[in-house]
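The structure under discussion appears below in the form of C-alpha cells.
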Amino acid sequence: MASLAVVLTAALTVGVAPQLAHATTKTLSVAPGSSTGAKATNTTRTSSIAQATFYAPAESPAYFGIQLRNDGVRSGYRAKASVNDGSVSVSISRVADSSETALASVSTGLTVKAGAKVYVKAAAVGSNPVRIYVKAWTTSTKISGWQLGYTDYSSERIVRSGKAYLWAYLGSDAGSATAVKYTSVKVKSYSVAKAKKTKVGASYSSQTPSNSASETPQPTPTPTPTPTTGSTGFPTAATTGVVAGSSLTRHDGDITVTTDGTVLQDLDIHGFVTVKAKNVVIRNCIVRGGKQKGYQVGLITDYGYDNLLIEDVDVVAEYPSVYFDGIKGWDYTARRVHVVGNVDSVKIQGDNVTVEDSLLENTVYYSSDPAQGGSPTHNDNIQILTGKNIKITGNTIRGATNFAILGGAEQGEVTLTASDNYLDGGWCTVKLQVKNGNSETARVTNNTFGPNRSVSSCPFTAYPAVSLTQSGNRFEDGSAVIPLIKVS
C-alpha cells in the first residue's frame with residue numbers, strides 16, 4: 001500500500017516551548033494484551049499541553065500516547081496514536097479506576113514503518129466543559145492544528161489537576177512482547193483561550209443535540225474500534241488499496257468518464273471521479289477528491305452506469321468535508337479498496353453492488369450536517385438506501401458512529417447478502433430495517449463481530465418485517481451472535 005499524506009483542514013500550529021521532562025530515549029515494555037505507563041513530569045497541572053516522540057514498534061496493533069490529569073495511570077484523559085499494519089489513527093478516551101471509556105477517534109491517513117518516529121501532541125483544558133485534543137505526525141509530514149478534539153460535558157468528566165504520563169498498549173493479537181521507545185517528552189501549562197484559537201480537523205462532543213425527527217439515536221460519537229484478534233486474517237491496510245511499490249502519476253483536477261471501457265490506472269487523483277459510461281475500470285489509484293462543492297458527493301460516483309470496477313484503490317479525502325461520501329451510487333464492484341473517513345464509506349442507491357475483500361474504516365462525525373437538517377451526521381460504513389443484488393463479502397468494516405452496515409430500504413426494495421466479514425463499531429453494528437412500505441430480504445452468515453459498539457447488547461438488530469436468513473455469526477470468542485428482532 002502506498003503511503004498517504006492527507007492534507008488536514010486544521011490550519012494553525014500550536015506553538016509551545018515546553019518544559020523538558022526526559023531528553024534521553026526510554027522504553028515502555030508491553031506484552032500482548034497489556035499496557036504500561038511512565039510518569040512524564042512531577043508537576044501537577046489542571047490544563048496542560050504535552051508532546052512526546054515515539055518510535056513505531058514492529059509488533060502491531062500498538063497504541064501509545066499521553067495521559068493527562070492523572071492520579072497515577074489508573075485515571076485521566078488518554079490521547080493516543082495507534083499503528084495497525086502501518087496505518088496511523090488518533091483517539092481520545094477517559095480512564096477512571098483503570099476502566100477506559102473510548103470517546104472519539106479518527107484516521108490520520110498516514111502510514112509508517114517499524115522504527116519510524118511518530119510525534120504525539122495532546123492537551124486537556126478547562127473544567128465545564130473539559131476540552132481534549134490530540135494530533136500525530138511523522139518526520140516527513142507537517143500537520144497544523146489538531147487532528148481530533150473532544151468536548152466533555154458529561155458528569156464523568158475529569159476536572160481535577162494531575163500529572164502527565166506516557167502510556168502504551170499492545171494488541172492481544174500481536175506476535176510477541178515489545179518495547180515502545182520514546183524520547184523528547186515536553187509538558188507545560190495551556191489554556192482554554194489558546195486551545196480555542198487552534199483549528200480542529202474532527203470535533204466530537206458528549207452533548208447530544210436534540211433530534212426528535214431522527215429514528216436512529218445519535219449518541220456521543222462512538223469511538224473508532226480497536227482492531228482485535230477477530231480481525232486477524234481479514235483485510236488490512238496492507239492488503240487493500242494501491243499495490244505496494246507502485247509508481248503513480250499525479251493527476252490534478254476532477255475526472256468525468258464518458259467513454260465506455262475507459263481504464264484509469266496507476267494514478268494519484270487529486271480530484272473527484274464521476275463515471276458516466278459503461279464498463280469503466282479504476283485500478284491501482286488513490287482518489288482524494290477536492291474541496292467541497294456545497295452539496296453531497298462521492299469521491300467516486302457512479303449513478304447506475306453498468307459494470308464499474310474499482311480495484312486496489314485508496315479512497316481518502318484530501319480536504320475532509322461533511323459533504324463527502326467515499327463511494328456513491330450503484331452498478332459497481334469494489335474489490336480490495338481501502339476507504340478511510342468521509343460521512344459514509346460506501347453509499348448504495350441502486351442495484352448490483354459488490355463490496356469484497358476491502359477495508360472500510362473510520363468515518364468522520366460532524367456535529368452539524370446539512371443532509372440531516374443541521375443535526376449530527378449519521379455515519380455508516382455501508383448505507384443501503386435501495387438495491388437488489390447487494391453482496392458484501394470478506395471485508396473488514398469498522399469505525400462508524402452509526403452502523404457498520406445499515407440496510408435501510410428507505411428508497412426502495414433491498415436484497416442483501418453479507419457474509420464472512422469482520423464487523424465492528426457503531427451504535428449497533430448491523431441494522432436491517434424497512435421504511436416507506438419497502439421490503440428487504442437479507443442473508444447474513446458467517447460474520448465475525450468485534451466488541452466495540454455504543455449498545456453492548458446490540459451487535460445485530462433487524463425489523464420483524466425483514467425477511468432474514470442468518471447463521472454462523474459469532475463474536476471473536478466463538479459465542480453466537482443472536483440478532484435482536486425488533487426496532488432498535
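We name chains A, B, ... following the order of the C-alpha cells; residues begin at 1 in each chain, and ligands are numbered from 1 as shown.
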
task: Among the residues of segment 139-371 of chain A, find those DSSP assigns to strand (DSSP E or B) from the backbone and print them as a PyMOL selection string.
output: chain A and resi 146-152+162-170+178-189+200-205+249-252+255-257+263-265+267-270+273-275+281-287+297-316+324-335+338-340+346-349+353-356+359-361

Pull C-alpha atoms from the residues just selected and write them as a compact mmCIF listing (two decimals), in the first residue's frame.
```
# COMPACT_ATOMS: atom_id res chain seq x y z
CA TRP A 146 -5.30 19.38 15.98
CA GLN A 147 -6.48 16.31 14.10
CA LEU A 148 -9.07 15.40 16.73
CA GLY A 149 -10.86 17.21 19.54
CA TYR A 150 -13.40 16.10 22.13
CA THR A 151 -15.53 18.33 24.37
CA ASP A 152 -16.57 16.53 27.55
CA GLY A 162 -2.89 15.81 37.79
CA LYS A 163 0.43 14.73 36.34
CA ALA A 164 1.21 13.76 32.77
CA TYR A 165 2.08 10.15 31.99
CA LEU A 166 3.28 8.27 28.92
CA TRP A 167 1.23 5.18 28.11
CA ALA A 168 1.44 2.21 25.73
CA TYR A 169 -0.68 -0.84 24.92
CA LEU A 170 -0.03 -3.82 22.64
CA THR A 178 7.75 -5.34 22.51
CA ALA A 179 9.39 -2.17 23.82
CA VAL A 180 7.78 1.09 22.74
CA LYS A 181 10.61 3.59 22.70
CA TYR A 182 10.07 7.27 23.40
CA THR A 183 12.05 10.45 23.88
CA SER A 184 11.76 14.26 23.98
CA VAL A 185 8.85 14.48 26.38
CA LYS A 186 7.70 18.08 26.91
CA VAL A 187 4.91 19.33 29.16
CA LYS A 188 3.73 22.85 30.01
CA SER A 189 0.64 24.77 31.08
CA VAL A 200 -9.51 21.12 14.77
CA GLY A 201 -9.89 18.63 11.91
CA ALA A 202 -12.62 16.48 13.53
CA SER A 203 -14.60 17.55 16.59
CA TYR A 204 -16.72 15.39 18.87
CA SER A 205 -18.81 16.24 21.93
CA THR A 249 1.22 9.54 -11.86
CA ARG A 250 -0.31 12.60 -10.23
CA HIS A 251 -3.49 13.98 -11.80
CA ASP A 252 -4.80 17.35 -10.61
CA ILE A 255 -12.26 13.32 -13.86
CA THR A 256 -15.60 12.67 -15.55
CA VAL A 257 -15.53 9.46 -17.61
CA VAL A 263 -9.39 2.38 -17.69
CA LEU A 264 -7.96 4.73 -15.06
CA GLN A 265 -4.84 3.07 -13.72
CA LEU A 267 -2.98 7.50 -10.88
CA ASP A 268 -2.87 9.70 -7.79
CA ILE A 269 -6.05 11.67 -8.43
CA HIS A 270 -6.38 15.00 -6.62
CA VAL A 273 -14.09 10.78 -10.20
CA THR A 274 -17.56 10.70 -11.76
CA VAL A 275 -18.43 7.76 -14.00
CA VAL A 281 -12.17 0.35 -14.57
CA ILE A 282 -10.45 2.33 -11.81
CA ARG A 283 -7.40 0.29 -10.81
CA ASN A 284 -4.42 0.88 -8.53
CA CYS A 285 -5.22 4.52 -7.86
CA ILE A 286 -5.61 6.95 -4.99
CA VAL A 287 -8.76 9.07 -5.26
CA VAL A 297 -20.89 13.99 -3.47
CA GLY A 298 -18.88 10.79 -3.54
CA LEU A 299 -15.15 10.87 -4.03
CA ILE A 300 -16.11 8.20 -6.60
CA THR A 301 -19.65 8.38 -8.00
CA ASP A 302 -21.47 6.06 -10.42
CA TYR A 303 -25.20 6.61 -10.71
CA GLY A 304 -26.04 3.37 -12.48
CA TYR A 305 -23.63 3.08 -15.41
CA ASP A 306 -23.10 -0.66 -15.80
CA ASN A 307 -20.14 -2.67 -14.56
CA LEU A 308 -17.82 -0.17 -12.94
CA LEU A 309 -14.85 -1.99 -11.37
CA ILE A 310 -12.94 -0.24 -8.55
CA GLU A 311 -9.93 -2.40 -7.71
CA ASP A 312 -6.88 -1.82 -5.45
CA VAL A 313 -7.90 1.78 -4.82
CA ASP A 314 -7.41 4.07 -1.81
CA VAL A 315 -10.31 6.48 -1.24
CA VAL A 316 -9.38 9.22 1.22
CA PHE A 324 -18.36 13.76 1.22
CA ASP A 325 -19.06 10.03 1.00
CA GLY A 326 -16.40 7.59 -0.19
CA ILE A 327 -18.06 5.59 -2.99
CA LYS A 328 -21.59 6.54 -4.01
CA GLY A 329 -24.17 5.13 -6.42
CA TRP A 330 -24.79 1.66 -7.85
CA ASP A 331 -23.80 -0.87 -10.53
CA TYR A 332 -20.20 -1.25 -9.31
CA THR A 333 -17.81 -3.75 -7.77
CA ALA A 334 -15.35 -2.51 -5.16
CA ARG A 335 -12.55 -5.02 -4.65
CA HIS A 338 -9.42 1.00 1.34
CA VAL A 339 -11.92 3.72 2.21
CA VAL A 340 -10.88 5.97 5.09
CA VAL A 346 -19.99 3.41 0.83
CA LYS A 347 -23.50 4.62 -0.03
CA ILE A 348 -25.63 2.28 -2.16
CA GLN A 349 -28.58 3.75 -4.03
CA VAL A 353 -23.25 -3.64 -5.96
CA THR A 354 -20.48 -5.90 -4.67
CA VAL A 355 -18.01 -4.89 -1.96
CA GLU A 356 -15.41 -7.58 -1.35
CA LEU A 359 -11.20 -2.27 4.36
CA LEU A 360 -13.81 0.37 5.21
CA GLU A 361 -12.93 2.32 8.34
```

task: May I have the residues within 10 Å of Ile92 of chain A as a PyMOL selection string, using only C-alpha atoms and disregarding those fewer than 6 positions away in the same chain?
output: chain A and resi 65-67+77-81+101-106+122+132-134+148-150+223-224

message: Just checking: using only C-alpha atoms, which residue out of A:Gly394, A:Gly408, A:Gly126, A:Gly175 ends up closest to Arg160 of chain A?
response: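 Among the listed residues, the smallest separation from Arg160 of chain A belongs to A:Gly126.
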
- prompt: Ala404 of chain A: which residues within 7 Å, counting only C-alpha atoms, same-chain residues fewer than 3 positions away excluded, as a list of chain:residue names?
  reply: A:Asp380, A:Asn381, A:Ile382, A:Ile397, A:Arg398, A:Ala400, A:Leu423, A:Asp424, A:Gly425, A:Gly426, A:Thr429, A:Val430

task: as number ranges by chain, please: all residues of segment 98-227 of chain A that backbone DSSP puts in helix (DSSP H, G or I).
output: A: 192-196

query: In Å to one decimal, how far is atom CA of Val88 of chain A from atom CA of Thr393 of chain A?
result: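 Separating atom CA of Thr393 of chain A from atom CA of Val88 of chain A is a distance of 25.2 Å.
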
field: Residue among A:Lys435, A:Gln372, A:Phe54, A:Lys194 lying closest to Val120 of chain A, counting only C-alpha atoms
entry: A:Phe54

message: Residues near Val322 of chain A, anyone? I mean within 7 Å using only C-alpha atoms, not counting same-chain ones fewer than 6 positions away, as a list of chain:residue names.
response: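 Within the cut-off, the hits are A:Val343, A:Tyr366, A:Asp369.
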
Just C-alpha atoms for this one: save the residues we selected as a short mmCIF file (atom, residue, chain, number, x, y, z; two decimals), in the first residue's frame.
```cif
data_model
loop_
_atom_site.label_atom_id
_atom_site.label_comp_id
_atom_site.auth_asym_id
_atom_site.auth_seq_id
_atom_site.Cartn_x
_atom_site.Cartn_y
_atom_site.Cartn_z
CA VAL A 343 -19.52 10.63 6.26
CA TYR A 366 -19.71 16.20 12.21
CA ASP A 369 -24.90 18.00 8.71
#
```
